[in-house]
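Engineer: Got a file for you: input_16.cif, mmCIF, C-alpha atoms.
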data_model
loop_
_atom_site.label_atom_id
_atom_site.label_comp_id
_atom_site.auth_asym_id
_atom_site.auth_seq_id
_atom_site.Cartn_x
_atom_site.Cartn_y
_atom_site.Cartn_z
CA MET A 30 -4.94 -36.74 -6.59
CA THR A 31 -5.46 -33.58 -8.57
CA GLY A 32 -3.43 -30.44 -8.88
CA LEU A 33 -4.16 -26.85 -9.74
CA VAL A 34 -1.37 -24.49 -10.78
CA LEU A 35 -1.97 -20.95 -9.57
CA ASP A 36 -0.19 -17.74 -10.51
CA ILE A 37 0.73 -16.19 -7.18
CA ALA A 38 2.52 -12.87 -7.77
CA GLY A 39 4.45 -14.29 -10.72
CA VAL A 40 5.23 -17.63 -9.06
CA ALA A 41 3.62 -20.85 -10.33
CA VAL A 42 2.36 -22.75 -7.28
CA GLU A 43 0.85 -26.20 -7.63
CA VAL A 44 -1.90 -26.97 -5.14
CA VAL A 45 -2.38 -30.73 -4.75
CA THR A 46 -5.66 -32.02 -3.38
CA ASP A 47 -6.99 -35.47 -2.74
CA GLY A 48 -10.32 -35.32 -4.47
CA ASP A 49 -12.87 -32.91 -5.70
CA ASP A 50 -11.32 -29.54 -6.37
CA ALA A 51 -14.23 -28.25 -8.47
CA ARG A 52 -15.03 -25.47 -6.00
CA LEU A 53 -11.42 -24.35 -5.93
CA ARG A 54 -11.32 -24.26 -9.71
CA THR A 55 -14.52 -22.25 -9.81
CA VAL A 56 -13.56 -19.73 -7.17
CA LEU A 57 -9.87 -19.41 -8.06
CA GLY A 58 -10.30 -19.75 -11.80
CA VAL A 59 -8.86 -16.29 -12.44
CA LEU A 60 -5.54 -17.42 -10.90
CA LEU A 61 -5.28 -20.71 -12.79
CA VAL A 62 -2.29 -21.06 -15.08
CA GLU A 63 -3.56 -22.56 -18.32
CA SER A 64 -0.35 -23.97 -19.75
CA PRO A 65 1.95 -24.14 -16.79
CA ASP A 66 5.65 -24.61 -16.94
CA ARG A 67 7.05 -26.76 -14.19
CA PRO A 68 5.68 -25.21 -10.99
CA THR A 69 8.17 -23.47 -8.76
CA ARG A 70 6.50 -24.57 -5.54
CA THR A 71 4.01 -27.22 -4.47
CA VAL A 72 1.44 -27.12 -1.69
CA ASP A 73 0.16 -30.56 -0.78
CA LEU A 74 -3.21 -30.24 0.93
CA ARG A 75 -3.44 -33.96 1.51
CA ARG A 76 -1.30 -33.38 4.58
CA GLY A 77 -1.88 -30.70 7.19
CA GLY A 78 -5.62 -30.98 7.60
CA LEU A 79 -6.58 -28.04 5.40
CA ASP A 80 -10.19 -28.10 4.28
CA THR A 81 -10.29 -27.53 0.52
CA ALA A 82 -13.65 -25.88 1.02
CA ASP A 83 -11.85 -23.11 2.90
CA VAL A 84 -10.73 -21.21 -0.17
CA GLU A 85 -9.06 -18.45 1.80
CA ALA A 86 -6.94 -20.92 3.75
CA VAL A 87 -5.96 -22.74 0.57
CA LEU A 88 -4.93 -19.47 -1.04
CA ALA A 89 -3.00 -18.43 2.06
CA ALA A 90 -1.04 -21.69 1.86
CA ALA A 91 -0.26 -21.00 -1.80
CA VAL A 92 0.87 -17.45 -0.95
CA ARG A 93 3.19 -18.72 1.78
CA ALA A 94 4.75 -21.06 -0.75
CA ALA A 95 5.31 -18.20 -3.21
CA ILE A 96 6.70 -15.61 -0.84
CA ASP A 97 10.33 -16.71 -0.94
CA GLU A 98 10.29 -17.17 -4.72
CA SER A 99 8.60 -13.98 -5.88
CA PRO A 100 10.85 -11.47 -7.65
CA HIS A 101 8.69 -8.66 -6.24
CA LEU A 102 8.27 -7.06 -2.83
CA LEU A 103 5.00 -8.53 -1.64
CA LEU A 104 2.80 -6.32 0.51
CA HIS A 105 -0.12 -7.25 2.70
CA ALA A 106 -2.36 -4.69 1.09
CA GLY A 107 -5.42 -4.12 -1.00
CA ALA A 108 -5.24 -1.93 -4.08
CA VAL A 109 -7.65 -0.23 -6.43
CA VAL A 110 -7.15 1.88 -9.53
CA ARG A 111 -8.43 5.38 -10.23
CA ASP A 112 -7.63 7.30 -13.39
CA GLY A 113 -4.95 4.80 -14.33
CA SER A 114 -3.05 4.99 -11.02
CA ALA A 115 -3.12 2.67 -8.04
CA ILE A 116 -4.23 3.43 -4.52
CA VAL A 117 -2.59 0.98 -2.13
CA LEU A 118 -4.27 0.09 1.17
CA PRO A 119 -1.78 -1.66 3.48
CA GLY A 120 -3.15 -3.47 6.50
CA ALA A 121 -2.96 -6.66 8.51
CA SER A 122 -5.61 -9.35 8.49
CA GLY A 123 -8.89 -8.25 9.98
CA GLU A 124 -8.28 -4.55 9.40
CA GLY A 125 -10.94 -4.22 6.75
CA LYS A 126 -8.93 -4.22 3.52
CA SER A 127 -11.40 -6.45 1.67
CA THR A 128 -14.43 -4.49 2.83
CA MET A 129 -12.92 -1.15 1.88
CA THR A 130 -11.71 -2.54 -1.43
CA ALA A 131 -15.21 -3.82 -2.20
CA ALA A 132 -16.72 -0.45 -1.29
CA CYS A 133 -14.26 1.27 -3.65
CA LEU A 134 -15.15 -1.09 -6.47
CA ARG A 135 -18.79 -0.18 -6.08
CA ARG A 136 -17.76 3.42 -6.69
CA GLY A 137 -16.29 2.49 -10.04
CA LEU A 138 -12.63 2.04 -9.16
CA GLY A 139 -10.69 -0.79 -10.80
CA TYR A 140 -9.69 -3.93 -8.91
CA VAL A 141 -6.10 -5.00 -8.28
CA SER A 142 -6.42 -7.05 -5.09
CA ASP A 143 -8.00 -7.11 -1.68
CA GLU A 144 -5.12 -9.01 -0.07
CA MET A 145 -1.69 -8.80 -1.67
CA VAL A 146 0.12 -6.35 -3.88
CA ALA A 147 3.37 -7.10 -5.71
CA LEU A 148 5.75 -4.13 -6.02
CA ASP A 149 8.18 -4.35 -8.92
CA LEU A 150 11.57 -3.63 -7.37
CA ARG A 151 12.81 -1.84 -10.44
CA SER A 152 9.84 0.03 -11.95
CA GLY A 153 7.86 0.65 -8.75
CA ASP A 154 4.68 -0.43 -10.49
CA VAL A 155 2.30 -2.82 -8.79
CA THR A 156 0.21 -5.83 -9.71
CA GLY A 157 -2.03 -7.78 -7.40
CA LEU A 158 -3.21 -11.18 -6.27
CA ARG A 159 -6.41 -11.21 -8.30
CA ARG A 160 -8.39 -13.42 -5.99
CA PRO A 161 -12.13 -13.03 -5.42
CA LEU A 162 -12.80 -10.61 -2.58
CA MET A 163 -13.22 -12.54 0.65
CA LEU A 164 -15.96 -10.82 2.66
CA THR A 165 -17.29 -11.61 6.10
CA PRO A 166 -21.04 -11.79 6.76
CA TRP A 167 -20.76 -8.38 8.41
CA SER A 168 -19.12 -6.96 5.29
CA THR A 169 -21.70 -8.34 2.89
CA ARG A 170 -24.46 -6.83 5.02
CA ALA A 171 -22.64 -3.50 5.42
CA LEU A 172 -22.11 -3.30 1.66
CA GLY A 173 -25.71 -4.18 0.88
CA LEU A 174 -24.74 -7.43 -0.82
CA GLY A 175 -27.24 -9.50 1.07
CA GLU A 176 -26.84 -12.11 3.73
CA HIS A 177 -24.02 -14.63 3.34
CA ARG A 178 -25.35 -17.89 4.75
CA GLY A 179 -22.50 -20.27 4.03
CA PRO A 180 -19.59 -21.07 6.32
CA GLY A 181 -16.65 -18.68 6.57
CA LYS A 182 -16.35 -15.80 4.15
CA ALA A 183 -18.13 -15.11 0.91
CA ALA A 184 -15.96 -15.21 -2.22
CA VAL A 185 -17.21 -12.31 -4.34
CA ALA A 186 -15.94 -11.80 -7.86
CA PRO A 187 -15.09 -8.19 -8.71
CA GLU A 188 -17.50 -8.45 -11.64
CA ALA A 189 -20.31 -8.96 -9.14
CA LEU A 190 -19.47 -5.46 -7.92
CA THR A 191 -19.48 -4.23 -11.54
CA ALA A 192 -15.73 -3.72 -11.32
CA THR A 193 -13.01 -4.30 -13.87
CA THR A 194 -9.91 -6.19 -12.83
CA VAL A 195 -6.67 -4.43 -13.71
CA VAL A 196 -4.03 -6.99 -14.65
CA HIS A 197 -1.26 -4.80 -16.07
CA PRO A 198 1.34 -3.10 -13.82
CA VAL A 199 0.18 0.26 -12.48
CA ARG A 200 2.07 3.20 -10.99
CA VAL A 201 1.10 4.01 -7.39
CA ALA A 202 -0.33 7.46 -6.78
CA HIS A 203 -1.52 7.07 -3.18
CA VAL A 204 -0.90 4.96 -0.11
CA VAL A 205 -3.81 5.05 2.36
CA VAL A 206 -3.38 3.71 5.88
CA ALA A 207 -6.76 3.09 7.46
CA ARG A 208 -7.76 2.74 11.07
CA HIS A 209 -11.28 1.68 11.94
CA GLY A 210 -13.60 2.54 14.76
CA ALA A 211 -13.76 6.28 14.24
CA VAL A 212 -16.85 8.31 14.96
CA ALA A 213 -16.50 10.08 11.64
CA THR A 214 -14.43 9.31 8.55
CA THR A 215 -11.55 11.74 8.22
CA LEU A 216 -8.56 11.97 5.92
CA ALA A 217 -5.21 13.58 6.73
CA PRO A 218 -1.88 13.68 4.87
CA MET A 219 0.79 11.27 6.04
CA GLY A 220 4.49 12.02 5.76
CA ALA A 221 6.70 9.94 3.53
CA GLY A 222 8.65 8.56 6.48
CA ALA A 223 5.50 7.24 8.10
CA VAL A 224 4.39 5.79 4.76
CA LEU A 225 7.72 4.00 4.43
CA HIS A 226 7.28 2.53 7.89
CA GLU A 227 3.81 1.24 6.97
CA ILE A 228 5.01 -0.25 3.68
CA LEU A 229 7.88 -2.10 5.31
CA ALA A 230 5.62 -3.29 8.13
CA ALA A 231 3.20 -4.65 5.53
CA SER A 232 5.80 -6.51 3.51
CA PHE A 233 5.90 -10.30 3.46
CA ASN A 234 9.33 -10.84 1.96
CA HIS A 235 11.61 -7.84 2.50
CA TYR A 236 14.14 -10.26 4.04
CA VAL A 237 14.43 -12.03 0.68
CA HIS A 238 15.33 -8.90 -1.25
CA GLY A 239 17.21 -6.99 1.46
CA ALA A 240 18.41 -3.53 0.47
CA ARG A 241 16.58 -3.66 -2.87
CA ALA A 242 13.30 -4.01 -0.99
CA TRP A 243 14.18 -1.04 1.22
CA GLU A 244 15.13 1.07 -1.80
CA ALA A 245 11.92 0.16 -3.67
CA ALA A 246 9.79 0.88 -0.59
CA THR A 247 11.58 4.21 -0.11
CA ARG A 248 11.00 5.24 -3.71
CA LEU A 249 7.33 4.29 -3.38
CA ALA A 250 6.96 6.32 -0.18
CA SER A 251 8.72 9.25 -1.85
CA THR A 252 6.67 9.30 -5.03
CA ALA A 253 3.18 8.43 -3.79
CA SER A 254 1.00 10.65 -1.63
CA GLY A 255 0.44 9.22 1.85
CA TRP A 256 -2.82 9.44 3.75
CA HIS A 257 -4.08 8.50 7.18
CA LEU A 258 -7.74 7.52 6.99
CA GLU A 259 -9.88 7.24 10.10
CA VAL A 260 -12.83 5.04 9.12
CA ALA A 261 -16.34 5.22 10.51
CA ASP A 262 -17.95 3.03 7.84
CA PRO A 263 -16.83 1.48 4.51
CA GLU A 264 -19.02 3.66 2.30
CA SER A 265 -17.71 6.97 3.60
CA ALA A 266 -14.19 5.58 3.53
CA ALA A 267 -14.65 4.61 -0.12
CA GLU A 268 -15.95 8.10 -0.85
CA ALA A 269 -12.83 9.58 0.72
CA ILE A 270 -10.59 7.25 -1.28
CA ALA A 271 -12.44 7.81 -4.54
CA THR A 272 -12.03 11.57 -4.18
CA LEU A 273 -8.42 11.74 -3.00
CA PRO A 274 -6.79 14.93 -4.24
CA ASP A 275 -3.92 14.46 -6.63
CA PRO A 276 -0.78 16.63 -6.33
CA PRO A 277 -1.19 19.84 -8.31
CA ASP A 278 1.67 19.20 -10.73
CA SER A 279 1.34 15.57 -11.71
CA PRO A 280 -0.26 12.31 -10.61
CA VAL A 281 2.99 11.20 -8.99
CA ARG A 282 5.86 13.19 -7.53
CA PRO A 283 9.41 12.66 -8.78
CA GLY A 284 11.45 10.53 -6.43
CA PRO A 285 14.86 8.93 -6.08
CA PRO A 286 16.23 7.38 -9.26
CA CYS A 287 15.75 3.67 -9.96
CA PRO A 288 18.73 1.43 -9.38
CA PRO A 289 20.76 0.05 -12.29
CA ASP A 290 19.61 -3.17 -13.91
CA PRO A 291 20.66 -5.95 -11.49
CA SER A 292 21.44 -8.19 -14.43
CA SER A 293 24.40 -5.94 -15.08
CA GLY A 294 25.92 -7.10 -11.80
CA ALA A 295 25.90 -3.64 -10.27
CA ALA A 296 23.35 -4.47 -7.58
CA GLY A 297 21.80 -7.48 -5.93
CA PRO A 298 19.87 -8.67 -2.90
CA VAL A 299 21.50 -8.90 0.47
CA ALA A 300 21.68 -12.53 1.62
CA MET B 9 33.84 10.17 17.66
CA PRO B 10 30.63 8.75 16.23
CA ALA B 11 31.02 7.42 12.69
CA PRO B 12 28.62 5.76 10.24
CA ALA B 13 28.86 1.98 10.45
CA PRO B 14 30.33 0.35 7.34
CA SER B 15 27.23 -1.64 6.35
CA VAL B 16 24.78 1.24 6.43
CA ARG B 17 23.07 2.68 3.36
CA GLU B 18 21.06 5.87 3.35
CA MET B 19 18.42 7.55 1.26
CA GLU B 20 16.70 10.87 1.63
CA ILE B 21 12.94 10.80 1.90
CA ASP B 22 10.97 14.03 2.02
CA GLY B 23 13.76 15.89 3.80
CA GLU B 24 14.41 13.10 6.29
CA ILE B 25 16.89 10.26 6.25
CA THR B 26 16.11 6.58 6.04
CA LEU B 27 18.89 4.14 6.86
CA TYR B 28 19.34 0.46 6.04
CA HIS B 29 21.77 -1.82 7.84
CA GLU B 30 22.71 -4.57 5.41
CA LEU B 31 23.89 -7.07 7.99
CA THR B 32 20.91 -6.86 10.33
CA GLN B 33 18.46 -5.97 7.53
CA THR B 34 17.12 -3.21 9.75
CA ALA B 35 15.49 -0.13 8.26
CA LEU B 36 15.03 3.10 10.20
CA VAL B 37 13.36 6.37 9.38
CA LEU B 38 14.96 9.26 11.24
CA ASN B 39 12.99 12.26 12.43
CA SER B 40 14.26 15.71 11.52
CA THR B 41 16.52 16.04 14.58
CA ALA B 42 18.06 12.61 14.11
CA SER B 43 18.47 13.34 10.39
CA ASP B 44 20.40 16.52 11.20
CA VAL B 45 22.60 14.59 13.61
CA TRP B 46 23.23 11.83 11.08
CA ARG B 47 24.32 14.33 8.44
CA LEU B 48 27.01 15.58 10.85
CA VAL B 49 28.25 12.15 11.94
CA ASP B 50 31.48 11.61 10.02
CA GLY B 51 34.01 10.04 12.37
CA ARG B 52 35.83 13.37 12.81
CA ARG B 53 33.27 15.40 14.74
CA SER B 54 32.69 14.70 18.41
CA VAL B 55 29.26 14.82 20.00
CA ALA B 56 30.23 18.21 21.41
CA ASP B 57 31.13 19.41 17.91
CA ILE B 58 27.73 18.29 16.61
CA VAL B 59 25.96 19.97 19.52
CA ALA B 60 27.82 23.21 18.82
CA LEU B 61 26.94 23.14 15.12
CA LEU B 62 23.26 22.42 15.71
CA SER B 63 22.89 24.89 18.58
CA SER B 64 23.51 27.72 16.17
CA SER B 65 20.58 26.68 13.97
CA TYR B 66 18.07 25.37 16.50
CA ALA B 67 15.95 27.80 18.52
CA ALA B 68 16.60 25.88 21.74
CA ASP B 69 18.94 26.14 24.71
CA ALA B 70 22.25 24.30 24.61
CA GLU B 71 21.24 21.69 27.18
CA THR B 72 18.14 20.72 25.18
CA VAL B 73 20.20 20.42 22.02
CA ARG B 74 22.82 18.35 23.81
CA ALA B 75 20.19 15.97 25.18
CA GLY B 76 18.66 15.57 21.73
CA VAL B 77 21.98 14.92 20.05
CA GLU B 78 23.12 12.45 22.68
CA SER B 79 19.80 10.62 22.48
CA ALA B 80 20.00 10.41 18.70
CA VAL B 81 23.58 9.13 18.74
CA ASP B 82 22.70 6.63 21.45
CA GLN B 83 19.76 5.26 19.47
CA LEU B 84 21.77 5.08 16.27
CA ALA B 85 24.46 3.17 18.13
CA ARG B 86 21.96 0.78 19.64
CA HIS B 87 20.77 -0.04 16.13
CA HIS B 88 24.41 -0.55 15.05
CA LEU B 89 24.16 2.34 12.60
CA VAL B 90 27.03 4.30 14.12
CA THR B 91 30.20 3.27 15.81
CA THR B 92 31.37 5.29 18.78
CA ALA B 93 35.02 4.34 19.16
CA ALA B 94 37.02 6.86 21.17
CA GLY B 95 39.27 9.10 19.14
#
Take the structure I supplied and represent it as structure tokens, if you would.

Structural biologist:
Amino acid sequence: MTGLVLDIAGVAVEVVTDGDDARLRTVLGVLLVESPDRPTRTVDLRRGGLDTADVEAVLAAAVRAAIDESPHLLLHAGAVVRDGSAIVLPGASGEGKSTMTAACLRRGLGYVSDEMVALDLRSGDVTGLRRPLMLTPWSTRALGLGEHRGPGKAAVAPEALTATTVVHPVRVAHVVVARHGAVATTLAPMGAGAVLHEILAASFNHYVHGARAWEAATRLASTASGWHLEVADPESAAEAIATLPDPPDSPVRPGPPCPPDPSSGAAGPVA
Amino acid sequence: MPAPAPSVREMEIDGEITLYHELTQTALVLNSTASDVWRLVDGRRSVADIVALLSSSYAADAETVRAGVESAVDQLARHHLVTTAAG
């Protein structure tokens, strides 16, 4: 029995396997906690029939274990960084987050995550699940990365796309909601109310944080610019994202004030 | 008289209202009409009072305004965001 301790959105999750975990260590090395404290959660892969070769499934199990423990609002979203500010790409599985994120990295944007973004409930800044990008064979071909011949998805390190991973918290400048299957890639502004709806719909653990999650999501929707992106192909979508116009006055708009420090007892999550 | 439910919190977002019901953990984003209605719901104004106040500012006939107000109040009540006790 061996165990890896992974940093999942600020939660130490131990993944226990029953044998060779060398591939997991190689692929998920960036998430490994070097000197772990006692892990908060444990995922035992010896039960449940998970194939340790299926890195994405292993990581999904670790994320599920972390969701209830994370102090952040966790969003099903990719995110990239341009000019020091984050562009968040909410979307469910299969909606092309990883492919669009990879296309953005190839245009020189920084990498936060292709799968999960953690929104700090107090500051509104985001960090990400810094996993390798998980790309389908279609995606690797569409992005000109060659043919992926192995089973499942290809795990592509951001460095392979000449991208830098951004590990420090970043303020969000834009939220881009993408829909695929368009004839031509088009970009249109999205109102803050619609952005709020998309953020809440993309959240994994709003029920854990209750009103604080709603307040943080509202502040994010108020301060970031929202966009509806109709996508014809990943490259033109990445071009649209890389050239998003910033508001004329400042990179982010002023929004509702942050809540008082919860440690003062003035606020807290709704049970 | 429609009145805000006790467990409801509100924030303004880009000129519209978003509401959060703490007990049901339900979040709603109101459109501009519903936001205007919500701002007038105070437990003292009747639906007719709200219709009269909004009719003066909306460029629509009274029946259209009434239908919109009643629909908004009905939806808010269904989400437990307003109470509609008689009074």

Engineer: Given the file shown, enumerate the residues that the PyMOL selection byres ((chain B) within 12 of (chain A)) captures and present them as an NGL selection string.

Structural biologist: :B and (15-40 or 43)

Engineer: (22.0, 24.1, 15.1) in this file's frame - what residues fall within 12 Å of it? Use all atoms listed in the file and give the answer as an MDAnalysis selection string.

Structural biologist: chainID B and resid 40:41 44:45 48 56:70 72:74 76:77

Engineer: Between atom CA of Val87 of chain A and atom CA of Ala183 of chain A, what is the spacing in Å?

Structural biologist: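 Computing it gives 14.4 Å between the two atoms.
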
Engineer: List as a ChimeraX atom specification the protein and nucleic acid residues near segment 216-218 of chain A, meaning an atom at most 10 Å away when only C-alpha atoms are counted, but skip any in the same chain fewer than 4 places from it.

Structural biologist: /A:205-207,254-260,266,269-270,273

Engineer: Taking all atoms listed in the file into account, name the residue in A:Val34, A:Leu134, A:Val146, A:Val141 that is nearest to Thr191 of chain A.

Structural biologist: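 Result for the nearest residue to Thr191 of chain A: A:Leu134.
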
Engineer: A:Val45, A:Thr71, A:Leu60, A:Trp167: which is nearest Ser142 of chain A, counting all atoms listed in the file?

Structural biologist: A:Leu60

Engineer: What would the selection look like, as a list in words, if the PyMOL selection byres ((chain A and resi 153) around 8) were run on the coordinates I just shared?

Structural biologist: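 Answer for the PyMOL selection byres ((chain A and resi 153) around 8): Leu148, Asp149, Leu150, Arg151, Ser152, Asp154, Val155, Arg200, Val201, Ala245, Arg248 and Leu249 of chain A.
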
Engineer: Would you kindly return, as a PyMOL selection string, each protein, DNA or RNA residue with an atom no farther than 7 Å from any atom of Val90 of chain B, considering only C-alpha atoms and excluding same-chain residues fewer than 5 positions away?

Structural biologist: chain B and resi 10-13+84-85

Engineer: Under the PyMOL selection byres ((chain A and resi 137) around 12), which residues of this model are included? Write them out as a PyMOL selection string.

Structural biologist: chain A and resi 109-112+130-136+138-140+187-188+190-194+267-268+270-272
